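Shown below: start.txt, with compact mmCIF, C-alpha atoms.
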# COMPACT_ATOMS: atom_id res chain seq x y z
CA MET A 10 -48.92 -23.27 29.58
CA ALA A 11 -45.94 -24.42 31.62
CA LEU A 12 -46.01 -23.11 35.15
CA ALA A 13 -43.14 -22.86 37.58
CA VAL A 14 -44.46 -22.13 41.05
CA THR A 15 -42.65 -20.90 44.10
CA GLY A 16 -44.38 -20.23 47.38
CA LEU A 17 -45.26 -16.74 48.54
CA THR A 18 -42.52 -16.02 51.02
CA VAL A 19 -42.77 -14.22 54.33
CA ALA A 20 -39.73 -12.57 55.86
CA ALA A 21 -39.00 -10.32 58.78
CA ALA A 22 -39.13 -6.70 57.71
CA VAL A 23 -36.16 -4.45 58.36
CA PHE A 24 -36.95 -0.76 58.66
CA ALA A 25 -33.84 1.24 59.33
CA PRO A 26 -34.28 4.81 60.48
CA ASP A 27 -34.00 7.42 57.75
CA MET A 28 -31.50 10.02 58.90
CA THR A 29 -32.41 12.53 56.17
CA LYS A 30 -33.84 15.60 57.85
CA SER A 31 -36.80 17.04 56.02
CA SER A 32 -38.87 18.83 58.62
CA GLY A 33 -36.49 19.88 61.37
CA ASP A 34 -38.34 17.58 63.77
CA ALA A 35 -36.06 15.22 65.67
CA SER A 36 -38.71 12.52 65.79
CA ALA A 37 -39.14 12.72 62.03
CA ALA A 38 -35.41 12.53 61.44
CA SER A 39 -35.04 9.44 63.64
CA GLY A 40 -37.97 7.57 62.13
CA THR A 41 -39.54 7.21 65.57
CA ALA A 42 -43.02 8.44 66.39
CA PRO A 43 -43.38 10.72 69.42
CA SER A 44 -44.83 9.32 72.64
CA GLN A 45 -48.55 8.69 72.22
CA LYS A 46 -51.28 6.16 72.88
CA PRO A 47 -50.33 2.57 72.00
CA ALA A 48 -51.56 1.14 68.74
CA SER A 49 -54.48 -1.28 68.48
CA LEU A 50 -53.11 -4.20 66.47
CA PRO A 51 -54.28 -7.60 65.23
CA GLU A 52 -53.64 -10.25 67.89
CA GLY A 53 -50.08 -11.55 67.68
CA TRP A 54 -48.96 -8.79 65.31
CA LYS A 55 -45.26 -8.30 64.54
CA PRO A 56 -43.59 -6.33 61.74
CA TRP A 57 -43.64 -8.45 58.61
CA ARG A 58 -42.83 -8.53 54.93
CA THR A 59 -44.38 -10.83 52.30
CA ASP A 60 -43.46 -11.47 48.67
CA LEU A 61 -46.53 -11.20 46.42
CA ARG A 62 -45.01 -12.81 43.36
CA VAL A 63 -45.21 -16.34 42.00
CA GLU A 64 -43.13 -17.17 38.95
CA THR A 65 -45.20 -17.81 35.82
CA GLU A 66 -44.72 -17.58 32.10
CA GLY A 67 -46.03 -14.60 30.22
CA PRO A 68 -46.89 -11.03 31.20
CA PRO A 69 -49.85 -10.12 33.41
CA LEU A 70 -53.21 -10.25 31.62
CA VAL A 71 -54.75 -7.42 33.61
CA TYR A 72 -53.09 -4.15 34.54
CA GLN A 73 -55.15 -2.68 37.35
CA GLN A 74 -54.25 -0.97 40.60
CA SER A 75 -52.11 -3.16 42.80
CA GLY A 76 -52.33 -3.69 46.53
CA CYS A 77 -54.46 -5.24 49.25
CA VAL A 78 -57.93 -4.71 50.67
CA PRO A 79 -58.49 -5.27 54.42
CA ASP A 80 -61.29 -7.27 56.03
CA ASN A 81 -62.51 -7.67 59.63
CA GLY A 82 -59.38 -6.28 61.28
CA ARG A 83 -57.50 -9.57 60.89
CA THR A 84 -56.97 -10.38 57.23
CA LEU A 85 -56.01 -8.90 53.88
CA TYR A 86 -56.85 -9.92 50.34
CA CYS A 87 -54.06 -9.02 47.96
CA GLY A 88 -53.37 -9.00 44.26
CA GLY A 89 -49.97 -9.93 42.95
CA ASN A 90 -48.06 -11.29 40.02
CA GLY A 91 -48.63 -14.92 39.05
CA PHE A 92 -51.91 -15.48 40.87
CA THR A 93 -55.32 -13.86 41.09
CA ILE A 94 -55.90 -13.29 44.79
CA ALA A 95 -54.17 -14.23 48.06
CA LYS A 96 -55.53 -14.17 51.61
CA VAL A 97 -52.91 -12.86 54.03
CA ASP A 98 -52.85 -12.90 57.84
CA ALA A 99 -52.56 -9.23 58.82
CA ALA A 100 -50.73 -10.11 62.05
CA THR A 101 -47.90 -12.15 60.54
CA GLY A 102 -47.97 -11.69 56.77
CA ARG A 103 -48.46 -15.43 56.34
CA VAL A 104 -50.30 -16.39 53.16
CA LEU A 105 -53.38 -18.40 54.19
CA TRP A 106 -54.43 -19.31 50.67
CA ARG A 107 -53.86 -18.34 47.09
CA TRP A 108 -56.35 -18.68 44.21
CA GLY A 109 -55.77 -18.60 40.47
CA THR A 110 -52.70 -19.40 38.43
CA ARG A 111 -52.96 -16.84 35.65
CA PRO A 112 -50.83 -13.73 36.14
CA GLN A 113 -53.19 -10.88 36.92
CA ALA A 114 -51.50 -7.97 38.75
CA ALA A 115 -54.93 -6.72 39.84
CA ARG A 116 -56.11 -5.62 43.28
CA PRO A 117 -59.21 -7.52 44.47
CA ILE A 118 -62.50 -5.67 44.04
CA GLY A 119 -63.38 -6.02 47.72
CA VAL A 120 -64.61 -8.28 50.50
CA ARG A 121 -68.06 -8.33 52.05
CA ASP A 122 -70.12 -10.79 54.10
CA GLY A 123 -67.56 -13.56 53.80
CA ILE A 124 -67.17 -13.23 50.02
CA ALA A 125 -64.02 -12.01 48.27
CA TYR A 126 -64.55 -10.50 44.82
CA ALA A 127 -61.84 -10.42 42.16
CA TYR A 128 -61.35 -10.15 38.41
CA LYS A 129 -60.50 -13.02 36.09
CA ALA A 130 -59.33 -12.44 32.53
CA SER A 131 -58.46 -14.51 29.48
CA GLU A 132 -55.92 -13.99 26.74
CA ASP A 133 -58.71 -13.24 24.25
CA GLY A 134 -59.76 -10.18 26.26
CA HIS A 135 -62.81 -11.61 28.03
CA ARG A 136 -63.26 -10.67 31.66
CA TRP A 137 -65.27 -11.95 34.61
CA VAL A 138 -66.07 -10.94 38.16
CA VAL A 139 -65.46 -13.92 40.44
CA ALA A 140 -66.85 -14.49 43.95
CA LEU A 141 -64.87 -16.69 46.34
CA ASN A 142 -65.69 -18.04 49.78
CA ALA A 143 -63.31 -15.96 51.89
CA ALA A 144 -62.71 -18.79 54.35
CA THR A 145 -62.10 -21.66 51.93
CA LYS A 146 -61.24 -19.91 48.59
CA ARG A 147 -63.90 -22.06 46.91
CA GLN A 148 -65.39 -20.29 43.91
CA ARG A 149 -69.06 -19.55 44.45
CA TRP A 150 -69.86 -17.98 41.10
CA GLU A 151 -68.59 -15.92 38.20
CA GLN A 152 -70.24 -13.55 35.74
CA ARG A 153 -68.78 -12.20 32.53
CA ILE A 154 -68.47 -8.41 32.49
CA ASN A 155 -67.21 -5.64 30.23
CA GLY A 156 -63.54 -5.85 29.40
CA SER A 157 -62.67 -2.29 30.39
CA ALA A 158 -65.20 -1.08 32.98
CA PRO A 159 -64.59 -1.68 36.69
CA ALA A 160 -66.86 -3.75 38.91
CA GLN A 161 -67.73 -2.06 42.20
CA LEU A 162 -69.39 -3.14 45.43
CA PHE A 163 -72.45 -1.22 46.60
CA ARG A 164 -74.63 -1.82 49.62
CA GLY A 165 -76.85 -4.27 47.73
CA GLY A 166 -74.37 -6.25 45.66
CA VAL A 167 -71.81 -5.72 42.90
CA LEU A 168 -72.35 -3.24 40.05
CA THR A 169 -71.00 -4.10 36.60
CA LEU A 170 -71.27 -3.20 32.93
CA SER A 171 -72.47 -5.92 30.54
CA PRO A 172 -69.93 -7.36 28.06
CA ASP A 173 -71.54 -5.45 25.17
CA GLY A 174 -71.65 -2.20 27.18
CA ASN A 175 -75.41 -1.79 26.75
CA GLN A 176 -76.59 -2.54 30.30
CA LEU A 177 -75.53 -1.73 33.84
CA VAL A 178 -76.07 -4.96 35.76
CA ALA A 179 -76.20 -5.62 39.51
CA TYR A 180 -75.50 -9.08 40.95
CA GLY A 181 -76.32 -10.34 44.43
CA THR A 182 -74.15 -12.35 46.80
CA SER A 183 -75.27 -15.64 45.22
CA GLY A 184 -74.49 -14.46 41.71
CA GLU A 185 -78.12 -13.86 40.83
CA ARG A 186 -78.97 -10.90 38.63
CA LEU A 187 -80.69 -8.35 40.86
CA TRP A 188 -81.50 -5.90 38.09
CA GLN A 189 -80.24 -4.34 34.90
CA SER A 190 -80.68 -0.83 33.55
CA PRO A 191 -79.98 0.29 29.97
CA ALA A 192 -77.16 2.68 29.18
CA PRO A 193 -78.39 5.69 27.18
CA GLN A 194 -77.99 5.04 23.48
CA GLY A 195 -74.67 6.17 22.04
CA THR A 196 -72.91 6.34 25.40
CA TYR A 197 -70.41 4.40 27.44
CA CYS A 198 -71.46 4.17 31.10
CA GLU A 199 -68.88 3.43 33.75
CA PRO A 200 -70.28 1.74 36.88
CA THR A 201 -69.60 4.03 39.81
CA VAL A 202 -70.37 3.64 43.52
CA LEU A 203 -70.52 6.79 45.65
CA GLY A 204 -71.40 6.71 49.32
CA GLY A 205 -72.33 3.04 48.94
CA GLU A 206 -74.95 3.79 46.27
CA PRO A 207 -74.90 2.76 42.57
CA TYR A 208 -74.38 5.37 39.85
CA GLY A 209 -73.43 5.49 36.20
CA LEU A 210 -71.15 8.06 34.59
CA CYS A 211 -72.05 8.10 30.90
CA SER A 212 -70.07 9.79 28.13
CA PRO A 213 -70.65 9.94 24.36
CA VAL A 214 -68.78 7.45 22.17
CA THR A 215 -66.93 8.17 18.95
CA SER A 216 -67.75 6.64 15.57
CA ASN A 217 -65.21 3.94 16.47
CA GLY A 218 -67.10 3.14 19.66
CA LEU A 219 -64.51 4.66 21.99
CA ALA A 220 -65.58 6.62 25.05
CA THR A 221 -64.91 10.34 25.05
CA GLU A 222 -63.91 12.49 28.03
CA GLY A 223 -67.39 13.91 28.43
CA PRO A 224 -69.55 15.77 28.91
CA TYR A 225 -70.94 13.13 31.27
CA GLU A 226 -74.50 12.26 32.18
CA LEU A 227 -74.72 11.31 35.86
CA LEU A 228 -77.27 8.56 36.53
CA ARG A 229 -78.38 7.27 39.91
CA PHE A 230 -79.94 3.82 40.34
CA ASP A 231 -82.24 2.67 43.11
CA ALA A 232 -80.25 -0.06 44.84
CA SER A 233 -83.32 -2.28 45.24
CA ASP A 234 -84.61 -2.44 41.66
CA GLY A 235 -82.27 -0.42 39.43
CA LYS A 236 -84.75 2.33 38.65
CA GLN A 237 -82.80 4.98 36.75
CA HIS A 238 -82.71 8.68 37.65
CA GLU A 239 -81.02 11.27 35.42
CA LEU A 240 -79.36 13.76 37.76
CA THR A 241 -77.21 16.27 35.86
CA THR A 242 -74.64 16.82 33.12
CA LEU A 243 -71.00 17.17 34.16
CA PRO A 244 -68.38 19.11 32.14
CA LYS A 245 -65.69 17.47 30.03
CA LYS A 246 -62.78 15.84 31.88
CA THR A 247 -64.69 15.90 35.17
CA LEU A 248 -63.11 13.61 37.76
CA THR A 249 -65.11 11.61 40.32
CA ILE A 250 -63.63 11.71 43.83
CA GLY A 251 -66.33 10.24 46.08
CA ALA A 252 -69.27 11.34 48.19
CA ALA A 253 -69.26 13.94 50.97
CA THR A 254 -72.17 13.75 53.42
CA GLY A 255 -73.89 11.39 50.99
CA LYS A 256 -73.59 13.75 48.01
CA PRO A 257 -71.44 12.87 44.96
CA LEU A 258 -68.40 15.11 44.65
CA PHE A 259 -66.49 15.87 41.46
CA LEU A 260 -63.49 17.93 40.38
CA ILE A 261 -63.66 20.35 37.45
CA PRO A 262 -60.39 20.97 35.53
CA GLN A 263 -59.14 24.00 33.70
CA THR A 264 -59.18 24.19 29.91
CA ALA A 265 -56.97 22.11 27.65
CA LYS A 266 -54.69 25.09 26.97
CA GLU A 267 -54.18 25.69 30.69
CA VAL A 268 -53.39 21.99 31.13
CA TYR A 269 -50.77 22.29 28.38
CA ASP A 270 -49.28 25.41 29.95
CA SER A 271 -48.94 23.63 33.30
CA GLY A 272 -46.85 20.82 31.81
CA TYR A 273 -49.70 18.36 31.19
CA GLU A 274 -50.61 18.13 34.85
CA ARG A 275 -54.31 18.87 35.00
CA PRO A 276 -55.06 21.83 37.31
CA TYR A 277 -58.42 21.71 39.08
CA THR A 278 -60.24 24.97 39.69
CA SER A 279 -63.48 23.94 41.38
CA MET A 280 -65.50 21.09 42.85
CA LEU A 281 -69.07 20.16 42.03
CA ARG A 282 -71.39 18.64 44.64
CA VAL A 283 -74.59 16.98 43.41
CA ASP A 284 -77.76 16.36 45.43
CA PRO A 285 -78.64 12.69 44.74
CA SER A 286 -82.36 13.34 45.24
CA THR A 287 -82.87 16.40 43.06
CA GLY A 288 -79.80 16.52 40.81
CA GLU A 289 -79.09 20.07 41.95
CA ALA A 290 -75.39 20.81 41.42
CA LYS A 291 -73.44 23.27 43.57
CA ARG A 292 -70.15 24.58 42.25
CA ILE A 293 -67.45 25.13 44.88
CA PRO A 294 -64.58 27.30 43.57
CA LEU A 295 -61.03 26.66 44.75
CA ARG A 296 -58.94 29.65 45.83
CA ARG A 297 -56.26 28.72 43.31
CA PRO A 298 -55.77 25.86 40.82
CA VAL A 299 -54.66 22.66 42.55
CA LEU A 300 -52.54 19.89 41.03
CA GLY A 301 -52.27 16.23 41.97
CA GLU A 302 -54.18 12.97 42.31
CA PRO A 303 -57.13 13.56 44.67
CA SER A 304 -58.40 11.40 47.54
CA LEU A 305 -61.45 12.20 49.66
CA LEU A 306 -61.06 11.28 53.33
CA HIS A 307 -63.47 12.40 56.06
CA GLY A 308 -64.49 15.66 54.43
CA VAL A 309 -61.07 16.68 53.11
CA VAL A 310 -59.68 16.26 49.60
CA TYR A 311 -55.95 15.51 49.56
CA PHE A 312 -54.11 16.21 46.30
CA VAL A 313 -50.84 14.28 45.89
CA ARG A 314 -48.36 15.26 43.18
CA ALA A 315 -45.67 13.01 41.74
CA ASN A 316 -43.00 15.32 43.22
CA GLY A 317 -44.31 14.71 46.75
CA THR A 318 -46.33 17.90 47.26
CA VAL A 319 -49.53 17.29 49.24
CA THR A 320 -52.39 19.83 49.38
CA ALA A 321 -55.42 19.56 51.68
CA VAL A 322 -58.70 21.21 50.65
CA SER A 323 -62.02 21.30 52.51
CA ALA A 324 -64.64 19.32 50.57
CA ASP A 325 -67.36 21.55 51.98
CA SER A 326 -65.97 25.03 51.30
CA GLY A 327 -63.08 24.52 48.87
CA ARG A 328 -60.78 26.33 51.29
CA GLU A 329 -57.14 25.28 51.14
CA LEU A 330 -56.21 23.96 54.59
CA TRP A 331 -52.51 23.43 54.03
CA GLN A 332 -49.86 22.48 51.49
CA ARG A 333 -46.67 20.56 52.21
CA SER A 334 -43.64 19.65 50.10
CA THR A 335 -42.56 16.25 51.43
CA GLU A 336 -39.56 15.74 49.13
CA THR A 337 -40.70 12.12 48.72
CA GLU A 338 -41.61 11.26 45.14
CA SER A 339 -44.17 8.77 43.82
CA LEU A 340 -46.37 8.76 46.90
CA SER A 341 -49.47 6.61 47.15
CA ALA A 342 -52.92 7.89 47.94
CA PRO A 343 -53.10 8.53 51.70
CA VAL A 344 -54.94 6.66 54.40
CA LEU A 345 -56.13 8.48 57.53
CA SER A 346 -55.61 7.35 61.11
CA ARG A 347 -58.20 9.10 63.25
CA ARG A 348 -56.61 7.67 66.41
CA TYR A 349 -53.31 9.41 65.73
CA GLY A 350 -54.54 12.27 63.56
CA GLN A 351 -52.08 11.35 60.84
CA LEU A 352 -52.03 10.62 57.12
CA TYR A 353 -49.90 7.69 55.95
CA PHE A 354 -48.33 7.28 52.52
CA SER A 355 -46.08 4.73 50.86
CA ASN A 356 -43.90 5.27 47.83
CA ARG A 357 -42.81 2.89 45.08
CA PHE A 358 -39.83 1.68 47.10
CA GLY A 359 -41.63 1.07 50.37
CA ARG A 360 -40.73 4.27 52.19
CA LEU A 361 -43.55 5.22 54.59
CA LEU A 362 -44.39 8.82 55.42
CA ALA A 363 -46.68 10.21 58.12
CA LEU A 364 -48.07 13.76 58.04
CA ASN A 365 -50.09 15.40 60.79
CA VAL A 366 -53.58 15.87 59.45
CA ASP A 367 -54.07 19.32 61.04
CA ASP A 368 -51.23 21.15 59.30
CA GLY A 369 -49.33 18.67 57.11
CA THR A 370 -46.15 18.72 59.19
CA GLU A 371 -44.10 15.55 59.01
CA ALA A 372 -44.51 13.20 61.97
CA TRP A 373 -42.09 10.50 60.84
CA ARG A 374 -40.77 8.56 57.87
CA THR A 375 -39.02 5.25 57.34
CA ALA A 376 -36.26 4.21 55.01
CA ALA A 377 -37.12 2.44 51.78
CA LEU A 378 -37.42 -1.33 51.69
CA ASP A 379 -34.39 -3.36 50.78
CA ASN A 380 -35.20 -4.71 47.29
CA PRO A 381 -39.02 -4.41 47.04
CA GLY A 382 -38.98 -6.35 43.75
CA THR A 383 -38.61 -5.82 40.03
CA ALA A 384 -42.11 -4.30 39.72
CA ALA A 385 -41.30 -1.31 41.95
CA GLN A 386 -40.87 1.12 39.07
CA ASP A 387 -44.06 0.05 37.28
CA THR A 388 -46.47 -0.66 40.14
CA GLU A 389 -48.42 2.00 42.00
CA PRO A 390 -47.81 1.89 45.76
CA ARG A 391 -50.70 1.55 48.18
CA VAL A 392 -51.24 1.79 51.92
CA VAL A 393 -54.15 0.59 54.08
CA LEU A 394 -54.88 0.20 57.79
CA VAL A 395 -55.78 -3.02 59.57
CA GLN A 396 -56.92 -1.70 62.94
CA ASP A 397 -53.93 0.62 63.57
CA ALA A 398 -51.35 -1.52 61.76
CA ILE A 399 -50.06 0.10 58.57
CA VAL A 400 -49.87 -2.22 55.57
CA GLY A 401 -48.07 -0.97 52.49
CA THR A 402 -47.46 -2.49 49.09
CA ALA A 403 -44.50 -1.59 46.90
CA GLY A 404 -43.35 -3.52 43.88
CA ASP A 405 -43.88 -7.23 44.54
CA THR A 406 -43.90 -6.74 48.31
CA ALA A 407 -46.47 -6.23 51.07
CA PHE A 408 -45.22 -5.16 54.50
CA SER A 409 -46.56 -3.94 57.84
CA VAL A 410 -45.37 -1.62 60.62
CA ARG A 411 -47.01 -0.08 63.66
CA PRO A 412 -47.60 3.70 63.65
CA ASP A 413 -46.25 4.33 67.14
CA ARG A 414 -42.97 2.51 66.36
CA PRO A 415 -42.69 2.70 62.58
CA SER A 416 -38.98 1.85 62.44
CA ALA A 417 -39.04 -0.98 64.99
CA ARG A 418 -37.23 -4.14 63.92
CA PRO A 419 -38.61 -7.61 64.65
CA PRO A 420 -36.53 -10.02 66.76
CA SER A 421 -33.76 -11.59 64.69

Full structure transcribed into structure tokens:
Amino acid sequence: MALAVTGLTVAAAVFAPDMTKSSGDASAASGTAPSQKPASLPEGWKPWRTDLRVETEGPPLVYQQSGCVPDNGRTLYCGGNGFTIAKVDAATGRVLWRWGTRPQAARPIGVRDGIAYAYKASEDGHRWVVALNAATKRQRWEQRINGSAPAQLFRGGVLTLSPDGNQLVAYGTSGERLWQSPAPQGTYCEPTVLGGEPYGLCSPVTSNGLATEGPYELLRFDASDGKQHELTTLPKKTLTIGAATGKPLFLIPQTAKEVYDSGYERPYTSMLRVDPSTGEAKRIPLRRPVLGEPSLLHGVVYFVRANGTVTAVSADSGRELWQRSTETESLSAPVLSRRYGQLYFSNRFGRLLALNVDDGTEAWRTAALDNPGTAAQDTEPRVVLVQDAIVGTAGDTAFSVRPDRPSARPPS
């Protein structure tokens, strides 16, 4: 395959204040955060912008979630178009190395103990998990995995589904097989990690071998040897959102008719918390049906709708804490700054938004990026923190600002 390569470019980011008033707060309208404690930033940090696209022939082989994963407060590992994984200096946006030449468009699985984990795929549909030395980008090992199930890091290694879908398999840092555990016959089991522990979410398959939307059998595996524990059965269309105080937490939707009546957005009516030791399930009703993509952060579930509405719900009681219409569409999942007590979002065009975590009021917002790339309409935005520095991805672009001066421009 012919390959035309251009370098990943780094440019100074320009973040002009957004003069659109949306909250009545002067600081929000000006794009400047109110006076507060200075941010803790990677050494030598300045606002930056980096292009995460290398020209190649052919469409991406893998369509996963885009974006970067942070490591050690100094570096990022990013997916992009035209390569598999890139290591980026979180202070400057400079690309330290890039690995892989096949177009992937897949966020790395994660980084742990000096090893960066990513996916590799072939045109014939085969898929591998690949482990790279994070310092040198040298490949340490690879293992073939299922073509559709995710690989996830847990406290003992990386959890995968075998290529034939019959076994959940855990690999150690050297690529050795730690253990394998059979999927119940006639089911498809998605590897799931909750609270750092390995689980399987298993649903029946159709006569064509396709996974159904439940009901799901929740399995827990001992991290040391893979011993399997059947915990409970979850209703159809249940959504996994994480673990609260070490207990798996799920969302239960309304019926199919109610989904249809709401315009195909799935309303959630309750949460289900499962004791990982006993399998006891506690249903937590919500005061009213809630819409949006959920994220669990420090005991609160934040629901984000495509129209920019954000709803905060207590993971413990199900009580609605607040709801806010941000008037900013296509928001990412939030990230929480405990130092500033704020939630940060990015949208598809690189606009950043900060909401106060206590009541959802707007703290500040920035203008959109100038030309974030051709993938902006098709790529989900993402935002992460490296220390206090905010790193967003939109389209083919990664960029970074500081939360106490979100609209600050770098020296020209």

Taking only residues of region 352-374 of chain A that have an atom at most 6 Å from an atom of region 388-406 of chain A, what is each one's shortest atom pair and its distance in Å to one decimal, using all atoms listed in the file, in chain and number order, as a Markdown table?
| residue | atom | partner | partner_atom | distance |
| --- | --- | --- | --- | --- |
| A:Asn356 | CA | A:Pro390 | CA | 5.6 |
| A:Arg357 | CA | A:Ala403 | CA | 5.1 |
| A:Phe358 | CA | A:Ala403 | CA | 5.7 |
| A:Gly359 | CA | A:Ala403 | CA | 5.2 |

Quiz item: Using all atoms listed in the file, which residue out of A:Ala232, A:Ala220, A:Met280, A:Leu340 lies closest to Leu187 (chain A)?
Solution: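 Closest to Leu187 (chain A) of all the choices is A:Ala232.
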
Quiz item: A:Ala179, A:Leu61, A:Leu228, A:Ile124: which is nearest Leu203 (chain A), counting only C-alpha atoms?
Solution: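 Nearest to Leu203 (chain A): A:Leu228.
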
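Across the model, the gap from CA of Leu248 (chain A) to CA of Leu260 (chain A) is 5.1 Å.
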
Quiz prompt | Nearest residue to Ser326 (chain A) from the set A:Asn217, A:Ser279, A:Gln152, A:Asn365 (distances using only C-alpha atoms) | solution =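 Once distances to Ser326 (chain A) are computed over only C-alpha atoms, the minimum belongs to A:Ser279.
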
Got a minute to add N, CA and C atoms to region 400-413 of chain A and dump it as a PDB file, in the frame of the given file?
ATOM      1  N   VAL A 400     -50.275  -1.222  56.562  1.00  0.00           N
ATOM      2  CA  VAL A 400     -49.870  -2.220  55.570  1.00  0.00           C
ATOM      3  C   VAL A 400     -49.624  -1.500  54.253  1.00  0.00           C
ATOM      4  N   GLY A 401     -48.414  -1.592  53.759  1.00  0.00           N
ATOM      5  CA  GLY A 401     -48.070  -0.970  52.490  1.00  0.00           C
ATOM      6  C   GLY A 401     -47.757  -2.019  51.448  1.00  0.00           C
ATOM      7  N   THR A 402     -47.915  -1.643  50.186  1.00  0.00           N
ATOM      8  CA  THR A 402     -47.460  -2.490  49.090  1.00  0.00           C
ATOM      9  C   THR A 402     -46.570  -1.644  48.189  1.00  0.00           C
ATOM     10  N   ALA A 403     -45.456  -2.241  47.792  1.00  0.00           N
ATOM     11  CA  ALA A 403     -44.500  -1.590  46.900  1.00  0.00           C
ATOM     12  C   ALA A 403     -43.864  -2.677  46.049  1.00  0.00           C
ATOM     13  N   GLY A 404     -43.901  -2.499  44.747  1.00  0.00           N
ATOM     14  CA  GLY A 404     -43.350  -3.520  43.880  1.00  0.00           C
ATOM     15  C   GLY A 404     -44.073  -4.845  44.064  1.00  0.00           C
ATOM     16  N   ASP A 405     -43.313  -5.900  44.323  1.00  0.00           N
ATOM     17  CA  ASP A 405     -43.880  -7.230  44.540  1.00  0.00           C
ATOM     18  C   ASP A 405     -44.041  -7.541  46.029  1.00  0.00           C
ATOM     19  N   THR A 406     -44.015  -6.535  46.878  1.00  0.00           N
ATOM     20  CA  THR A 406     -43.900  -6.740  48.310  1.00  0.00           C
ATOM     21  C   THR A 406     -45.041  -6.085  49.081  1.00  0.00           C
ATOM     22  N   ALA A 407     -45.581  -6.810  50.064  1.00  0.00           N
ATOM     23  CA  ALA A 407     -46.470  -6.230  51.070  1.00  0.00           C
ATOM     24  C   ALA A 407     -45.725  -6.257  52.400  1.00  0.00           C
ATOM     25  N   PHE A 408     -45.949  -5.240  53.238  1.00  0.00           N
ATOM     26  CA  PHE A 408     -45.220  -5.160  54.500  1.00  0.00           C
ATOM     27  C   PHE A 408     -46.069  -4.401  55.508  1.00  0.00           C
ATOM     28  N   SER A 409     -45.754  -4.564  56.792  1.00  0.00           N
ATOM     29  CA  SER A 409     -46.560  -3.940  57.840  1.00  0.00           C
ATOM     30  C   SER A 409     -45.682  -3.419  58.965  1.00  0.00           C
ATOM     31  N   VAL A 410     -46.023  -2.208  59.453  1.00  0.00           N
ATOM     32  CA  VAL A 410     -45.370  -1.620  60.620  1.00  0.00           C
ATOM     33  C   VAL A 410     -46.458  -1.065  61.534  1.00  0.00           C
ATOM     34  N   ARG A 411     -46.070  -0.710  62.748  1.00  0.00           N
ATOM     35  CA  ARG A 411     -47.010  -0.080  63.660  1.00  0.00           C
ATOM     36  C   ARG A 411     -46.746   1.424  63.695  1.00  0.00           C
ATOM     37  N   PRO A 412     -47.783   2.252  63.786  1.00  0.00           N
ATOM     38  CA  PRO A 412     -47.600   3.700  63.650  1.00  0.00           C
ATOM     39  C   PRO A 412     -46.881   4.350  64.822  1.00  0.00           C
ATOM     40  N   ASP A 413     -46.924   3.736  65.996  1.00  0.00           N
ATOM     41  CA  ASP A 413     -46.250   4.330  67.140  1.00  0.00           C
ATOM     42  C   ASP A 413     -44.790   3.897  67.243  1.00  0.00           C
TER      43      ASP A 413
END
